[in-house]
2 protein chains.
Amino acid sequence: MDLLDDTVPGIGTYEDFNTIDWVREKSKDRDRHREIANKSKQSTVALLFSISDAFSGWLLMLLIGLMSGALAGGIDIAAHWMTDLKEGVCLNGFWFNHEHCCWASNETTFQERDKCPQWKSWAELMVGVSEGPGLYVVNYFMYVCWALLFAFLAVILVRAFAPYACGSGIPEIKTILSGFIIRGYLGKWTLIIKTITLVLAVSSGLSLGKEGPLVHVACCCANILCHFFTKYRRNEAKKREVLSAASAVGVSVAFGAPIGGVLFSLEEVSYYFPLKTLWRSFFAALVAAFTLRSINPFGNSRLVLFYVEFHTPWHLLELIPFVLLGIFGGLWGAFFIRANIAWCRLRKNTSLGHYPVLEVVVVTLLTALLAFPIEYTKMSSSELISELFNDCGLLDSSKLCGYTSNSGSTSGSLYTAMWQLALALVLKMVFTVVTFGMKVPSGLFIPSMAVGAIAGRLLGVCMEQLAIRHHERDIFRGWCSPGADCITPGLYAMVGAAACLGGVTRMTVSLVVIMFELTGGLEYIVPLMAAAMTSKWVADALGRESIYEAHIRLNGYPFLEAKEEFRHKTLATDVMRPRRGDPPVSVLTESGMTVEEVERLIADTTYSGFPVVISQQSPRLVGFVLRRDLVISLENARRHQEGVVSMSPILFTECDPPMSPSAPPAVKLRSILDLSPFTVTVHTAMEIVVDIFRKLGLRQCLVIQNG
Amino acid sequence: MDLLDDTVPGIGTYEDFNTIDWVREKSKDRDRHREIANKSKQSTVALLFSISDAFSGWLLMLLIGLMSGALAGGIDIAAHWMTDLKEGVCLNGFWFNHEHCCWASNETTFQERDKCPQWKSWAELMVGVSEGPGLYVVNYFMYVCWALLFAFLAVILVRAFAPYACGSGIPEIKTILSGFIIRGYLGKWTLIIKTITLVLAVSSGLSLGKEGPLVHVACCCANILCHFFTKYRRNEAKKREVLSAASAVGVSVAFGAPIGGVLFSLEEVSYYFPLKTLWRSFFAALVAAFTLRSINPFGNSRLVLFYVEFHTPWHLLELIPFVLLGIFGGLWGAFFIRANIAWCRLRKNTSLGHYPVLEVVVVTLLTALLAFPIEYTKMSSSELISELFNDCGLLDSSKLCGYTSNSGSTSGSLYTAMWQLALALVLKMVFTVVTFGMKVPSGLFIPSMAVGAIAGRLLGVCMEQLAIRHHERDIFRGWCSPGADCITPGLYAMVGAAACLGGVTRMTVSLVVIMFELTGGLEYIVPLMAAAMTSKWVADALGRESIYEAHIRLNGYPFLEAKEEFRHKTLATDVMRPRRGDPPVSVLTESGMTVEEVERLIADTTYSGFPVVISQQSPRLVGFVLRRDLVISLENARRHQEGVVSMSPILFTECDPPMSPSAPPAVKLRSILDLSPFTVTVHTAMEIVVDIFRKLGLRQCLVIQNG
């Protein structure tokens, strides 16, 4: 078999947009292992080779972790800088972002960290004065211009170089991991363009996040690095193991949550996930998070993106608002999925789809125009989230904490903040729906979390006001003393974020793990769990599938959903091809067919393979041969093997039958014959057949009746 | 089929010490679902029934969570109280433990929280004076007496009522989850006795933990509660789903780590773990943790057992000692497994095994005698661990922090502490090896962690001294200023504990998650991961299997290890029974065999089932019938169906062949005939066959050649 593999490279590979045969791939890998193991006994070189082969997996993981971590760090820094570039520039050097610029300057006080002379807004730079009526307009104008520029560049680049670079990429990766092949989807061009355009898209202020695309980026890294290891380049199944690990790495660097990443890969994207992979993705995720930490893009040397420390424990009664947030999250999830899918259909079917660039530009324009006036939409989503998560300290300058300064009574600034938040909530919702699915890299973790965080914070503040106003009521007397604040609005924001993210992606365990790796709020795992569960229940009640599955279906990828169950009772015989009454299935016989006949058979039919039987009279199954292998090896035979004419017979038998010397030489194809095809009887229940397909990852399965 | 199921209750059940057929169980469940779904369309009652059926799973999870949480809380409190009882008694009421007793008294200061007049040591109570030379001896004596009493009671109870209650139970549960049946192992008697004896064993001061057994307790709860839900009582596969969830619950209450529990169940014990189970175990673990939290056995209203807050971040260079700890953990793990297994073999084979009570008493005596003089072995393991994890504050009275008082120079008390710790390390190691596997409930999470924590703390203190002494060296200058302490010995203890636990149980992801749920040290996930990985590598290099697998093999349970891979190239035909050359496999024919013949065949052979073929002449497979079903239904026929004599034919065909009216009535057994047995051809590679068995959980698989 190996010999033939070498001579005919085509055999054992797959065409584009085809599914792989897991069983075949796995047994191929086993053969490799055995071969190496045998060789290693003979010579030292082979032994060394076998050792290096055994460790190549870990090395690959290490490289993936390093590469992804570095890329993620770069993306973070670049996006941060370009986001600030929309507002102004640093005089000390244009490459400083706002924060670093003011760090560099020494006369900054703690109170107004973000005000320092070195940082000039565009208006100040142009008009020259630092006060005046026109400044606001000029800044507004510049903000919109930059946003448009970034978005335009992003969509142009995507269109021009890598059409696969758009979207979040997670649906496609799910499909690829389930055994589908999309050439170039994880190629180097996709990687380069996606990295660049991701920065542009994020900093253009569109309502999208970089977290989803980072998974795609990590998978690209993995796929590219796979090329350097024969073990993985040659075997699609092994490659998919690596890709599962890579998706874990993606989440790990996106949120600085290694364990959450592993769980995400396990729960959400992966299809075939052995324990060994769990362990390796764990390692890769660790390395990636560690790399990111040492690059330290967030200034604080922490792994976590939004670090919060809450001081007041939560009270049992607070579970009610948390569950309410869960319900809200579920509703939002269901609504978002429906609306987004409807919008994507519209884009697909109407002429809207023909002007992707225009679409992006228009959406960006609207976003920028509406975002600038409102403080909470002007800042980037992740900044917004971290501000909403933060608990109100005494030194806190944020408007949201206006009331803590004069404790008890509420200052007006709080009300304005509330209004602005409410407005921001509506805008985020609308824009997230239209943005996701545009022809730019766009993830929806951060937008969903932003929506949830805003809603949560609103509810939290209301609860707090309620507690402050009626702290003498029986309900609050339990845990509220007049002076102290007994409710943490930041916690509500956190719970809301989790709920909304859960509603959209239907993650459960991984979601909670990510959330508390993200926030370090281990104390608050129970509220998170409660919210996540409620949200999933509500969302599932309104629609079974997550946004990713919905997009998979929208794009019509073949994906055997592992979660859904077959309710109806059908037997294998009902779904097998050909149905009863159709012409009988076309089979090859073990011997006695000529090249011409076979070729005609191939030409006439479209089956992906043919069963091989002893003879037409006694149709007992011998094996199964794949159409692709058959074609290739026939061509090969015609080309290289001399004397092969249309009349020369084809033999699948081990021993050649006696033939007259005058007859043309036979083409022996037993090597490409799969002698152990999977067979089920006509009586097998359909669920079991589906089970077999799912668990063993077959491509075909023959239905036999009495052999 | 349902009809027959009802008439013949025996069919579809399993004998003790048998493995279940997953595929059959699953399809049974699907049939149930379909039936209910169909009925629900007809009447409202049936609809309500179907709804209740759908929610019964969640209800069951809720109940399991509540019950396990409550039990765990009770065990914690009781164990805490009885552990203190060994030292003294509270005058306010004997039911107070030391801590509560001193809480009640008001004139206690923060410094010496554990010294209050209400709490009298036994010596004080008997001798009457609170000072004097004899006191120590009396306390020593009482301590040993109580320990002996507790241990004796524990082993006697186990011996008398529930032999299954001994050990940690995790190996057996692993086996049960993989489809094996051990009647009574999860019964109510086991539950009751295990709960009581667990408290006794823990408080007797033996070197064992309650964490492992809690998993067993939770599984008992689950199994008992399953009886109230037909859906789960009738279906072994569904029951195993619940049990997987229950094992998650067990860990969740053991460590207050819900997510860690779910991962533990997924990674360590479970065999068949669909996503739905993941989600439900998540819920159950949440409920359990929440119940435990509201019972609040640890005084602080926290979920976590050992809560630590470290203040100084760790430095990159510190990874070296962390990796060293990992290596130590791996070595300890490998050594422990070997030594423990060897010791268990000794117990099994020699006469030592005949005196389990004596063994327990002797070991307890030795433990108590040696433990009392040393401070760190006298206190319970979990107290020890939490003290070792704690960072040294200024108010800290622990000897371990003696040096912080006069910063820089080291006080003598530290040296004594170090010596005692070193001694404690050795003792713990020895006693853990001898203790695990005795005839009392014994878990080894806590002992392993204690060993690791001690080693880690020792290394940590050494590092700290090094840093204090040579803080001018280049290495330390980076992160050590002369005054401040730049190394956290507590962190080292934590890492060491993780490493040792990993070495023994070979957990990876779940271990890290548990550790940081346990300690809340999210910052320190990277050191934990590094240590866990090193430890697993080292341990795996020295011996593939974890302590649980080792014990499974020791007890000779059938367990198809999902991790191991088949290296050698064999074909199905080589392992199939009967081998080539043996007499042909005994088969039944579709028709024409009489009851007598079949019964003789059953009597002669020992196969667990018989293939049914069309006829001896044309041996084409029709189906497969299980021996047990055949026997039961034959008996049943003889008993109930009149006119069945030895000569009456047995029919597996659909349509009965024409027969003379004089002939005795035929026994139709098509209903018990499995029409879709799994078949592989003689050429199938063995790995694939194993794969099928593993993934589909078959009981048997027929090897066919050309049908």
# chains A, B, ... in the order shown; residues from 1 in each chain; ligands from 1

call {"tool": "residues_around", "arguments": {"residues": "region 208-220 of chain B", "least_positions_apart": "2", "cutoff": "7 Å", "atoms": "only C-alpha atoms", "output": "MDAnalysis selection string"}}
result
chainID B and resid 68 168:170 186:188 191 198 202 206 222:224 243 246:247 249:251 254 432 441:447

call {"tool": "atom_distance", "arguments": {"atom1": "CA of Cys462 (chain A)", "atom2": "CA of Leu421 (chain A)"}}
result
12.7 Å

call {"tool": "select_by_dssp", "arguments": {"residues": "region 222-266 of chain B", "states": "alpha helix (DSSP H)", "output": "number ranges by chain"}}
result
B: 222-226, 230-233, 236-255, 258-264

call {"tool": "atom_distance", "arguments": {"atom1": "CA of Trp537 (chain B)", "atom2": "CA of Val262 (chain A)"}}
result
19.4 Å

call {"tool": "residues_around", "arguments": {"residues": "Glu25 (chain B)", "least_positions_apart": "5", "cutoff": "7 Å", "atoms": "only C-alpha atoms", "output": "PyMOL selection string"}}
result
chain B and resi 235-237

call {"tool": "write_last_selection", "arguments": {"atoms": "N, CA and C atoms", "output": "short mmCIF file (atom, residue, chain, number, x, y, z; two decimals), in the first residue's frame"}}
result
data_model
loop_
_atom_site.label_atom_id
_atom_site.label_comp_id
_atom_site.auth_asym_id
_atom_site.auth_seq_id
_atom_site.Cartn_x
_atom_site.Cartn_y
_atom_site.Cartn_z
N ASN B 235 -33.25 2.05 32.61
CA ASN B 235 -32.27 2.11 31.54
C ASN B 235 -30.87 2.32 32.10
N GLU B 236 -30.02 1.32 31.89
CA GLU B 236 -28.69 1.38 32.50
C GLU B 236 -27.85 2.50 31.89
N ALA B 237 -28.03 2.76 30.61
CA ALA B 237 -27.21 3.80 29.97
C ALA B 237 -27.56 5.16 30.55
#

call {"tool": "residues_around", "arguments": {"residues": "region 316-325 of chain A", "least_positions_apart": "6", "cutoff": "7 Å", "atoms": "only C-alpha atoms", "output": "list in words"}}
result
Gly456, Val495, Gly496, Ala499, Pro527, Ala530, Ala531 and Thr534 of chain A

call {"tool": "closest_residue", "arguments": {"among": "B:Phe328, B:Trp58, B:Phe150, B:Tyr143", "to": "chain A", "atoms": "only C-alpha atoms"}}
result
B:Trp58

call {"tool": "atom_distance", "arguments": {"atom1": "CA of Cys90 (chain B)", "atom2": "CA of Phe372 (chain B)"}}
result
20.4 Å

call {"tool": "decode", "arguments": {"residues": "region 236-257 of chain B", "atoms": "N, CA, C and O atoms", "output": "PDB file, in the first residue's frame"}}
result
ATOM      1  N   GLU B 236     -30.023   1.317  31.894  1.00  0.00           N
ATOM      2  CA  GLU B 236     -28.688   1.377  32.495  1.00  0.00           C
ATOM      3  C   GLU B 236     -27.849   2.495  31.893  1.00  0.00           C
ATOM      4  O   GLU B 236     -27.058   3.130  32.593  1.00  0.00           O
ATOM      5  N   ALA B 237     -28.028   2.764  30.609  1.00  0.00           N
ATOM      6  CA  ALA B 237     -27.206   3.804  29.972  1.00  0.00           C
ATOM      7  C   ALA B 237     -27.557   5.163  30.546  1.00  0.00           C
ATOM      8  O   ALA B 237     -26.685   5.939  30.934  1.00  0.00           O
ATOM      9  N   LYS B 238     -28.874   5.440  30.656  1.00  0.00           N
ATOM     10  CA  LYS B 238     -29.301   6.725  31.219  1.00  0.00           C
ATOM     11  C   LYS B 238     -28.788   6.862  32.641  1.00  0.00           C
ATOM     12  O   LYS B 238     -28.306   7.913  33.054  1.00  0.00           O
ATOM     13  N   LYS B 239     -28.866   5.746  33.380  1.00  0.00           N
ATOM     14  CA  LYS B 239     -28.420   5.788  34.773  1.00  0.00           C
ATOM     15  C   LYS B 239     -26.951   6.176  34.827  1.00  0.00           C
ATOM     16  O   LYS B 239     -26.547   6.977  35.663  1.00  0.00           O
ATOM     17  N   ARG B 240     -26.170   5.689  33.865  1.00  0.00           N
ATOM     18  CA  ARG B 240     -24.756   6.024  33.890  1.00  0.00           C
ATOM     19  C   ARG B 240     -24.520   7.492  33.578  1.00  0.00           C
ATOM     20  O   ARG B 240     -23.599   8.108  34.117  1.00  0.00           O
ATOM     21  N   GLU B 241     -25.382   8.057  32.731  1.00  0.00           N
ATOM     22  CA  GLU B 241     -25.269   9.509  32.510  1.00  0.00           C
ATOM     23  C   GLU B 241     -25.418  10.228  33.843  1.00  0.00           C
ATOM     24  O   GLU B 241     -24.641  11.119  34.185  1.00  0.00           O
ATOM     25  N   VAL B 242     -26.437   9.818  34.610  1.00  0.00           N
ATOM     26  CA  VAL B 242     -26.664  10.463  35.901  1.00  0.00           C
ATOM     27  C   VAL B 242     -25.466  10.270  36.808  1.00  0.00           C
ATOM     28  O   VAL B 242     -25.022  11.198  37.499  1.00  0.00           O
ATOM     29  N   LEU B 243     -24.901   9.060  36.784  1.00  0.00           N
ATOM     30  CA  LEU B 243     -23.774   8.794  37.670  1.00  0.00           C
ATOM     31  C   LEU B 243     -22.571   9.665  37.311  1.00  0.00           C
ATOM     32  O   LEU B 243     -21.861  10.153  38.189  1.00  0.00           O
ATOM     33  N   SER B 244     -22.359   9.873  36.011  1.00  0.00           N
ATOM     34  CA  SER B 244     -21.262  10.764  35.623  1.00  0.00           C
ATOM     35  C   SER B 244     -21.474  12.126  36.247  1.00  0.00           C
ATOM     36  O   SER B 244     -20.557  12.722  36.829  1.00  0.00           O
ATOM     37  N   ALA B 245     -22.711  12.618  36.149  1.00  0.00           N
ATOM     38  CA  ALA B 245     -23.019  13.909  36.750  1.00  0.00           C
ATOM     39  C   ALA B 245     -22.763  13.859  38.245  1.00  0.00           C
ATOM     40  O   ALA B 245     -22.197  14.791  38.828  1.00  0.00           O
ATOM     41  N   ALA B 246     -23.128  12.735  38.866  1.00  0.00           N
ATOM     42  CA  ALA B 246     -22.987  12.628  40.318  1.00  0.00           C
ATOM     43  C   ALA B 246     -21.515  12.694  40.717  1.00  0.00           C
ATOM     44  O   ALA B 246     -21.171  13.314  41.729  1.00  0.00           O
ATOM     45  N   SER B 247     -20.655  12.091  39.921  1.00  0.00           N
ATOM     46  CA  SER B 247     -19.237  12.149  40.297  1.00  0.00           C
ATOM     47  C   SER B 247     -18.737  13.584  40.218  1.00  0.00           C
ATOM     48  O   SER B 247     -17.916  14.015  41.041  1.00  0.00           O
ATOM     49  N   ALA B 248     -19.295  14.343  39.257  1.00  0.00           N
ATOM     50  CA  ALA B 248     -18.952  15.766  39.226  1.00  0.00           C
ATOM     51  C   ALA B 248     -19.420  16.441  40.503  1.00  0.00           C
ATOM     52  O   ALA B 248     -18.692  17.225  41.118  1.00  0.00           O
ATOM     53  N   VAL B 249     -20.639  16.091  40.925  1.00  0.00           N
ATOM     54  CA  VAL B 249     -21.175  16.657  42.156  1.00  0.00           C
ATOM     55  C   VAL B 249     -20.257  16.335  43.327  1.00  0.00           C
ATOM     56  O   VAL B 249     -19.950  17.197  44.152  1.00  0.00           O
ATOM     57  N   GLY B 250     -19.790  15.096  43.362  1.00  0.00           N
ATOM     58  CA  GLY B 250     -18.930  14.692  44.466  1.00  0.00           C
ATOM     59  C   GLY B 250     -17.717  15.593  44.605  1.00  0.00           C
ATOM     60  O   GLY B 250     -17.451  16.149  45.671  1.00  0.00           O
ATOM     61  N   VAL B 251     -17.010  15.800  43.503  1.00  0.00           N
ATOM     62  CA  VAL B 251     -15.828  16.663  43.570  1.00  0.00           C
ATOM     63  C   VAL B 251     -16.237  18.095  43.883  1.00  0.00           C
ATOM     64  O   VAL B 251     -15.576  18.805  44.640  1.00  0.00           O
ATOM     65  N   SER B 252     -17.373  18.476  43.325  1.00  0.00           N
ATOM     66  CA  SER B 252     -17.828  19.846  43.538  1.00  0.00           C
ATOM     67  C   SER B 252     -18.021  20.133  45.016  1.00  0.00           C
ATOM     68  O   SER B 252     -17.600  21.181  45.517  1.00  0.00           O
ATOM     69  N   VAL B 253     -18.625  19.197  45.748  1.00  0.00           N
ATOM     70  CA  VAL B 253     -18.824  19.436  47.174  1.00  0.00           C
ATOM     71  C   VAL B 253     -17.544  19.171  47.953  1.00  0.00           C
ATOM     72  O   VAL B 253     -17.297  19.771  48.996  1.00  0.00           O
ATOM     73  N   ALA B 254     -16.711  18.281  47.428  1.00  0.00           N
ATOM     74  CA  ALA B 254     -15.474  17.965  48.151  1.00  0.00           C
ATOM     75  C   ALA B 254     -14.574  19.191  48.222  1.00  0.00           C
ATOM     76  O   ALA B 254     -14.003  19.499  49.258  1.00  0.00           O
ATOM     77  N   PHE B 255     -14.467  19.917  47.117  1.00  0.00           N
ATOM     78  CA  PHE B 255     -13.550  21.047  47.069  1.00  0.00           C
ATOM     79  C   PHE B 255     -14.276  22.368  46.914  1.00  0.00           C
ATOM     80  O   PHE B 255     -13.636  23.413  46.794  1.00  0.00           O
ATOM     81  N   GLY B 256     -15.599  22.342  46.864  1.00  0.00           N
ATOM     82  CA  GLY B 256     -16.301  23.578  46.543  1.00  0.00           C
ATOM     83  C   GLY B 256     -15.919  24.085  45.166  1.00  0.00           C
ATOM     84  O   GLY B 256     -15.840  25.277  44.928  1.00  0.00           O
ATOM     85  N   ALA B 257     -15.640  23.155  44.258  1.00  0.00           N
ATOM     86  CA  ALA B 257     -15.189  23.518  42.925  1.00  0.00           C
ATOM     87  C   ALA B 257     -16.113  22.921  41.871  1.00  0.00           C
ATOM     88  O   ALA B 257     -15.853  21.825  41.376  1.00  0.00           O
TER      89      ALA B 257
END
